[in-house]
Amino acid sequence: MQIKSRSEFDVIVVGSGASGGWACKRLAASGLKVALLEAGKPQSDANFTEHQPEFELKYRNRAKEILHKTRPIQSRFACSEYNADWFVNDLEEPYTTPKDQPFLWMGRLRVTGGRTNVWGRVSLRFSDLDFKAASHDGYGDDWPVRYRDLEPYYDLVEKYVGVTGMAEGLEHLPDGQFQPPMPLTCQETIFRERAKEKLGRTVTLARSANLTRPLNGRGPCHYCGPCERGCMTHSYFNAAFTTVPDALRTGNCKLISNAMVHRVLMDESSNRATGVLYVDRNTKQTRELHARAVVLCAQTQESTRILLNSATRAYPNGLANSSGVLGHYLTAHVRSGGGSGEFSSFGERPTLGGPNKPVGIYVPRFRNLNGQPSAKNFLRGYGYEGESSLDFNWSASGFGDAFKKSLLEPRPSLNITGFGEVLPRWENRIEIDPDVKDVYGIPVLRIHMADGENENAMIKDMGDSAGEMLEAAGARNVRTYAHPSAPRWALHEAGTARMGSDPKKSVLNQFQQTHDVKNLFVMDASGFTSNPCQNPTLNIMTLCVRSCDYLMEELKRGEV
Ligand SMILES: Cc1cc2nc3c(=O)[nH]c(=O)nc-3n(C[C@H](O)[C@H](O)[C@H](O)COP(=O)(O)OP(=O)(O)OC[C@H]3O[C@@H](n4cnc5c(N)ncnc54)[C@H](O)[C@@H]3O)c2cc1C
Ligand code: SF4
């Protein structure tokens, strides 16, 4: 397909990650002509290295300082010698923060599939306790959607993604369309049983986008372990080998790689978006592309950056920002409280080979639920992600046979880490830094984010409750931690272009359509009205599919 400049396309989708992948799949499958603009390069199975041993790598995966030269922020999490070139070069695409509010913006991907290449895959539904949280505890604003609006879309997304999980019948963590569960380890099973028996708390398999049964040509997981290096059998969900190729196969979608979108183009007289201006990352040339509607799916901060960089005379503070809310209410989970403890090995021996189960456990929120007394000093709640491991006794001392014997003594442990909701606050925000541009000449973001009293009290409770649960489960040598999350860091960002029913207090309506410009949509987590403690991505994808169905109807009716 050749790219023409004027309206060859019905819809431009910006970003090919969790949300953009679904947007192009859904829209192209309905017959719409879609241009998918992705800032990163193409992805392919040839880049996947999940089975490659470290000794085959140039630096044996041991030279963090070399990664650090170009990716000082990215190399802190999930980015290794195996996959570093999927991540943004921090020097070429910087951001700024105030000195007293350092923020680690990690997991910035520049490859088809975006963050779904390296994500942790935990896939959890929100509930009405989340969508109507403001009605429950009086803080902030309710979402303009209810659980029952989204339920059929959750079903649709889960059936396609493939989520292994166990049904638990919890109102605040609704069950889904699960593939058969991966087994829990002995230590995880003991923890599950005793937490229920002693404290009445549920411990379940982390509901996770890893297949246990074949699905649409994808194979079940074979437990090799490092999903963040890719997967040749396509056994975890990555937009690069699911939604995006499905969209391309329709013949209605054109993927344009290395296309860094700078701004949305507007026809001011009709108040309509006409397309986008983008920079070709290889040639640094700028290009325009036009369509009937524009859908931003570039990730929370990036989509809002595009809107802020698209200011016009009518919208001097950022496109579609008549409310003044754009950029505000940035949220991202806190996760600096948790604990670990030792359990029996139940006769198992540690091994350097597999199997390596890529899915651990999840402890659903147990604070501030319906019908319970409120936690004394914080609103909302947190869940724990965790896993057990059976390690060698690496700190064994001695020589010869005695050393070998001691080294082989199994060290079984189980750790849990809290993921807590951060209240949406006006002062946590992003704006354009007027003094700094990226290597493509696009103004960068300045990020203002700090935790408040609510988060600090919640983090303390994460540490205390982790200790309580591990002790109740009979763990030995229990260690807990709870420290302020500074510098603030994040992988689960949301907000900055929030949804709402009132155009004076929000940027998007319930279908992620901007209140101000009818043919402009933002379908990633920017629209989240709040950021519940469950991981966001299943919810991002679900909302996106629902919004695409609305967009298709509106295009048909000529309303967009
Ligand atoms: C290490 C890690 C672990 C995670 N674990 C989990 C988990 O267990 N569960 C969970 O729910 N979530 C998890 N997440 C978060 C999850 O990956 C994100 O919520 C999700 O991918 C966001 O989807 P998105 O479509 O908004 O953005 P992304 O998936 O990041 O995709 C955005 C795409 O847009 C492109 N882009 C950006 N700017 C532009 C531009 N200007 N022009 C063109 N293209 C652009 C990017 O290159 C990228 O490909 C994790 C993230 C990381 C990094
Ligand atoms: S652990 Fe499973 S999903 Fe992950 S890379 Fe290996 S086979 Fe794929």
# chains A, B, ... in the order shown; residues from 1 in each chain; ligands from 1
>>> residues_near_ligand(ligand="ligand 1", cutoff="7 Å", atoms="only C-alpha atoms and all ligand atoms", output="NGL selection string")
:A and (14-20 or 37-40 or 77-78 or 106-116 or 118-123 or 259-262 or 297-300 or 302-303 or 306 or 491-492 or 524-525 or 535-538 or 540)
>>> residues_around(residues="A:Lys198", least_positions_apart="5", cutoff="12 Å", atoms="only C-alpha atoms", output="list in words")
Ile190, Phe191, Arg192, Glu193, Glu468, Met469, Leu470, Glu471, Ala472, Ala473 and Gly474 of chain A
>>> residues_around(residues="A:Asp155", least_positions_apart="6", cutoff="9 Å", atoms="only C-alpha atoms", output="VMD selection string")
chain A and resid 176 to 177 542
>>> write_last_selection(atoms="N, CA, C and O atoms", output="short mmCIF file (atom, residue, chain, number, x, y, z; two decimals), in the first residue's frame")
data_model
loop_
_atom_site.label_atom_id
_atom_site.label_comp_id
_atom_site.auth_asym_id
_atom_site.auth_seq_id
_atom_site.Cartn_x
_atom_site.Cartn_y
_atom_site.Cartn_z
N GLY A 176 -13.07 -13.92 35.35
CA GLY A 176 -13.10 -13.68 33.91
C GLY A 176 -13.22 -14.97 33.13
O GLY A 176 -13.57 -16.02 33.66
N GLN A 177 -12.91 -14.87 31.85
CA GLN A 177 -12.94 -16.02 30.93
C GLN A 177 -11.55 -16.65 30.95
O GLN A 177 -10.71 -16.33 30.13
N THR A 542 -9.83 -3.32 27.22
CA THR A 542 -11.29 -3.47 27.24
C THR A 542 -11.98 -2.15 26.91
O THR A 542 -12.90 -2.09 26.07
#
>>> closest_residue(among="A:His136, A:Arg446, A:Lys505, A:Arg194", to="A:Ser374", atoms="only C-alpha atoms")
A:His136
>>> residues_near_ligand(ligand="ligand 2", cutoff="6 Å", atoms="only C-alpha atoms and all ligand atoms", output="ChimeraX atom specification")
/A:50,210,221-227,230-231,235-236,358
>>> atom_distance(atom1="atom CA of A:Ala450", atom2="atom CA of A:Arg488")
6.7 Å
>>> atom_distance(atom1="atom CA of A:Leu555", atom2="atom CA of A:Arg249")
22.5 Å
>>> select_by_dssp(residues="stretch 291-435 of chain A", states="alpha helix (DSSP H)", output="list in words")
Thr300, Gln301, Glu302, Ser303, Thr304, Arg305, Ile306, Leu307, Leu308, Gly400, Asp401, Ala402, Phe403, Lys404, Lys405, Ser406 and Leu407 of chain A
>>> write_last_selection(atoms="N, CA, C and O atoms", output="CSV table (one decimal), in the first residue's frame")
chain,number,residue,atom,x,y,z
A,300,THR,N,0.2,6.7,28.3
A,300,THR,CA,-0.4,7.8,29.1
A,300,THR,C,0.3,9.1,28.8
A,300,THR,O,-0.2,10.1,28.4
A,301,GLN,N,1.6,9.2,29.2
A,301,GLN,CA,2.3,10.5,29.1
A,301,GLN,C,2.5,10.9,27.7
A,301,GLN,O,2.4,12.1,27.4
A,302,GLU,N,2.8,9.9,26.8
A,302,GLU,CA,3.1,10.3,25.4
A,302,GLU,C,1.9,10.8,24.7
A,302,GLU,O,2.0,11.8,23.9
A,303,SER,N,0.7,10.2,24.9
A,303,SER,CA,-0.5,10.7,24.2
A,303,SER,C,-0.8,12.2,24.7
A,303,SER,O,-1.1,13.0,23.9
A,304,THR,N,-0.7,12.4,26.0
A,304,THR,CA,-0.9,13.7,26.5
A,304,THR,C,0.1,14.7,26.0
A,304,THR,O,-0.2,15.9,25.7
A,305,ARG,N,1.3,14.2,25.9
A,305,ARG,CA,2.4,15.1,25.3
A,305,ARG,C,2.0,15.5,23.9
A,305,ARG,O,2.2,16.7,23.5
A,306,ILE,N,1.5,14.6,23.1
A,306,ILE,CA,1.1,15.0,21.7
A,306,ILE,C,0.0,16.1,21.8
A,306,ILE,O,0.0,17.1,21.0
A,307,LEU,N,-1.0,15.9,22.7
A,307,LEU,CA,-2.1,16.9,22.8
A,307,LEU,C,-1.5,18.3,23.2
A,307,LEU,O,-1.9,19.3,22.7
A,308,LEU,N,-0.6,18.2,24.2
A,308,LEU,CA,0.0,19.5,24.7
A,308,LEU,C,0.8,20.2,23.6
A,308,LEU,O,0.8,21.4,23.5
A,400,GLY,N,35.3,-28.2,48.9
A,400,GLY,CA,35.1,-29.6,48.5
A,400,GLY,C,33.7,-30.1,48.8
A,400,GLY,O,32.7,-29.5,48.5
A,401,ASP,N,33.7,-31.4,49.3
A,401,ASP,CA,32.4,-32.1,49.4
A,401,ASP,C,31.4,-31.3,50.4
A,401,ASP,O,30.2,-31.2,50.1
A,402,ALA,N,32.0,-30.8,51.4
A,402,ALA,CA,31.2,-30.0,52.4
A,402,ALA,C,30.5,-28.8,51.8
A,402,ALA,O,29.4,-28.6,52.0
A,403,PHE,N,31.3,-28.1,50.9
A,403,PHE,CA,30.8,-27.0,50.2
A,403,PHE,C,29.6,-27.4,49.3
A,403,PHE,O,28.6,-26.8,49.2
A,404,LYS,N,29.9,-28.5,48.5
A,404,LYS,CA,28.9,-29.0,47.5
A,404,LYS,C,27.6,-29.3,48.3
A,404,LYS,O,26.5,-29.0,47.8
A,405,LYS,N,27.8,-30.0,49.4
A,405,LYS,CA,26.6,-30.5,50.1
A,405,LYS,C,25.8,-29.2,50.6
A,405,LYS,O,24.6,-29.2,50.5
A,406,SER,N,26.5,-28.3,51.1
A,406,SER,CA,25.9,-27.1,51.7
A,406,SER,C,25.2,-26.3,50.6
A,406,SER,O,24.1,-25.8,50.7
A,407,LEU,N,25.9,-26.2,49.4
A,407,LEU,CA,25.4,-25.4,48.3
A,407,LEU,C,24.1,-26.0,47.8
A,407,LEU,O,23.2,-25.3,47.4
>>> residues_around(residues="stretch 8-11 of chain A", least_positions_apart="5", cutoff="8 Å", atoms="only C-alpha atoms", output="number ranges by chain")
A: 3, 32-35, 290-295
>>> residues_around(residues="A:Gly138", least_positions_apart="6", cutoff="12 Å", atoms="only C-alpha atoms", output="tab-separated table (two decimals) with C-alpha atoms, in the first residue's frame")
chain	number	residue	atom	x	y	z
A	132	LYS	CA	-17.66	4.23	41.75
A	379	LEU	CA	-8.41	5.41	51.46
A	380	ARG	CA	-8.63	2.76	48.71
A	423	LEU	CA	-5.13	9.00	44.66
>>> closest_residue(among="A:Leu205, A:Met166, A:Ala466, A:Leu199", to="A:Thr185", atoms="only C-alpha atoms")
A:Leu205
>>> residues_around(residues="A:Glu268", least_positions_apart="2", cutoff="9 Å", atoms="only C-alpha atoms", output="PyMOL selection string")
chain A and resi 266+270-273+312-314
>>> select_by_dssp(residues="stretch 423-479 of chain A", states="strand (DSSP E or B)", output="CSV table (one decimal) with N, CA, C and O atoms, in the first residue's frame")
chain,number,residue,atom,x,y,z
A,429,ARG,N,1.3,16.0,37.8
A,429,ARG,CA,0.9,16.5,36.5
A,429,ARG,C,2.1,16.4,35.5
A,429,ARG,O,3.2,16.3,36.0
A,430,ILE,N,1.8,16.6,34.3
A,430,ILE,CA,2.8,16.7,33.3
A,430,ILE,C,2.5,18.0,32.5
A,430,ILE,O,1.4,18.4,32.3
A,431,GLU,N,3.6,18.6,32.0
A,431,GLU,CA,3.5,19.8,31.1
A,431,GLU,C,4.7,19.7,30.1
A,431,GLU,O,5.6,18.9,30.3
A,432,ILE,N,4.6,20.6,29.2
A,432,ILE,CA,5.7,20.7,28.2
A,432,ILE,C,6.8,21.5,28.8
A,432,ILE,O,6.6,22.6,29.4
A,433,ASP,N,8.1,21.0,28.8
A,433,ASP,CA,9.2,21.8,29.2
A,433,ASP,C,9.6,22.7,28.0
A,433,ASP,O,10.0,22.2,27.0
A,434,PRO,N,9.5,24.0,28.2
A,434,PRO,CA,9.7,24.9,27.1
A,434,PRO,C,11.1,25.0,26.6
A,434,PRO,O,11.5,25.5,25.5
A,435,ASP,N,12.1,24.4,27.4
A,435,ASP,CA,13.5,24.6,27.1
A,435,ASP,C,14.2,23.3,26.6
A,435,ASP,O,15.3,23.4,26.2
A,436,VAL,N,13.4,22.2,26.5
A,436,VAL,CA,14.1,21.0,26.1
A,436,VAL,C,13.3,20.3,25.0
A,436,VAL,O,12.1,20.2,25.1
A,437,LYS,N,14.1,19.9,24.0
A,437,LYS,CA,13.5,19.1,22.9
A,437,LYS,C,14.2,17.8,22.8
A,437,LYS,O,15.4,17.6,23.1
A,443,PRO,N,9.2,19.1,21.6
A,443,PRO,CA,9.4,19.5,23.0
A,443,PRO,C,9.0,18.3,23.9
A,443,PRO,O,8.1,17.5,23.7
A,444,VAL,N,9.8,18.2,25.0
A,444,VAL,CA,9.6,17.0,25.9
A,444,VAL,C,8.8,17.4,27.1
A,444,VAL,O,8.4,18.5,27.4
A,445,LEU,N,8.5,16.3,27.9
A,445,LEU,CA,7.6,16.5,29.1
A,445,LEU,C,8.5,16.9,30.3
A,445,LEU,O,9.6,16.5,30.5
A,446,ARG,N,7.8,17.7,31.2
A,446,ARG,CA,8.3,17.9,32.6
A,446,ARG,C,7.3,17.2,33.5
A,446,ARG,O,6.1,17.5,33.4
A,447,ILE,N,7.8,16.3,34.3
A,447,ILE,CA,6.9,15.4,35.1
A,447,ILE,C,7.0,15.9,36.6
A,447,ILE,O,8.0,15.9,37.2
A,448,HIS,N,5.8,16.2,37.2
A,448,HIS,CA,5.7,16.5,38.6
A,448,HIS,C,5.0,15.4,39.3
A,448,HIS,O,3.8,15.3,39.1
A,476,ARG,N,9.4,-18.8,58.0
A,476,ARG,CA,10.5,-18.5,58.9
A,476,ARG,C,11.2,-17.3,58.4
A,476,ARG,O,11.2,-17.0,57.2
A,477,ASN,N,12.0,-16.7,59.3
A,477,ASN,CA,12.9,-15.6,58.9
A,477,ASN,C,12.1,-14.6,58.1
A,477,ASN,O,12.5,-14.2,57.0
A,478,VAL,N,11.0,-14.1,58.6
A,478,VAL,CA,10.2,-13.2,57.8
A,478,VAL,C,10.8,-11.8,57.8
A,478,VAL,O,11.3,-11.3,58.8
A,479,ARG,N,10.9,-11.2,56.6
A,479,ARG,CA,11.5,-9.9,56.5
A,479,ARG,C,10.5,-9.0,55.8
A,479,ARG,O,9.9,-9.4,54.8
>>> atom_distance(atom1="atom CA of A:Glu158", atom2="atom CA of A:Asn415")
27.4 Å
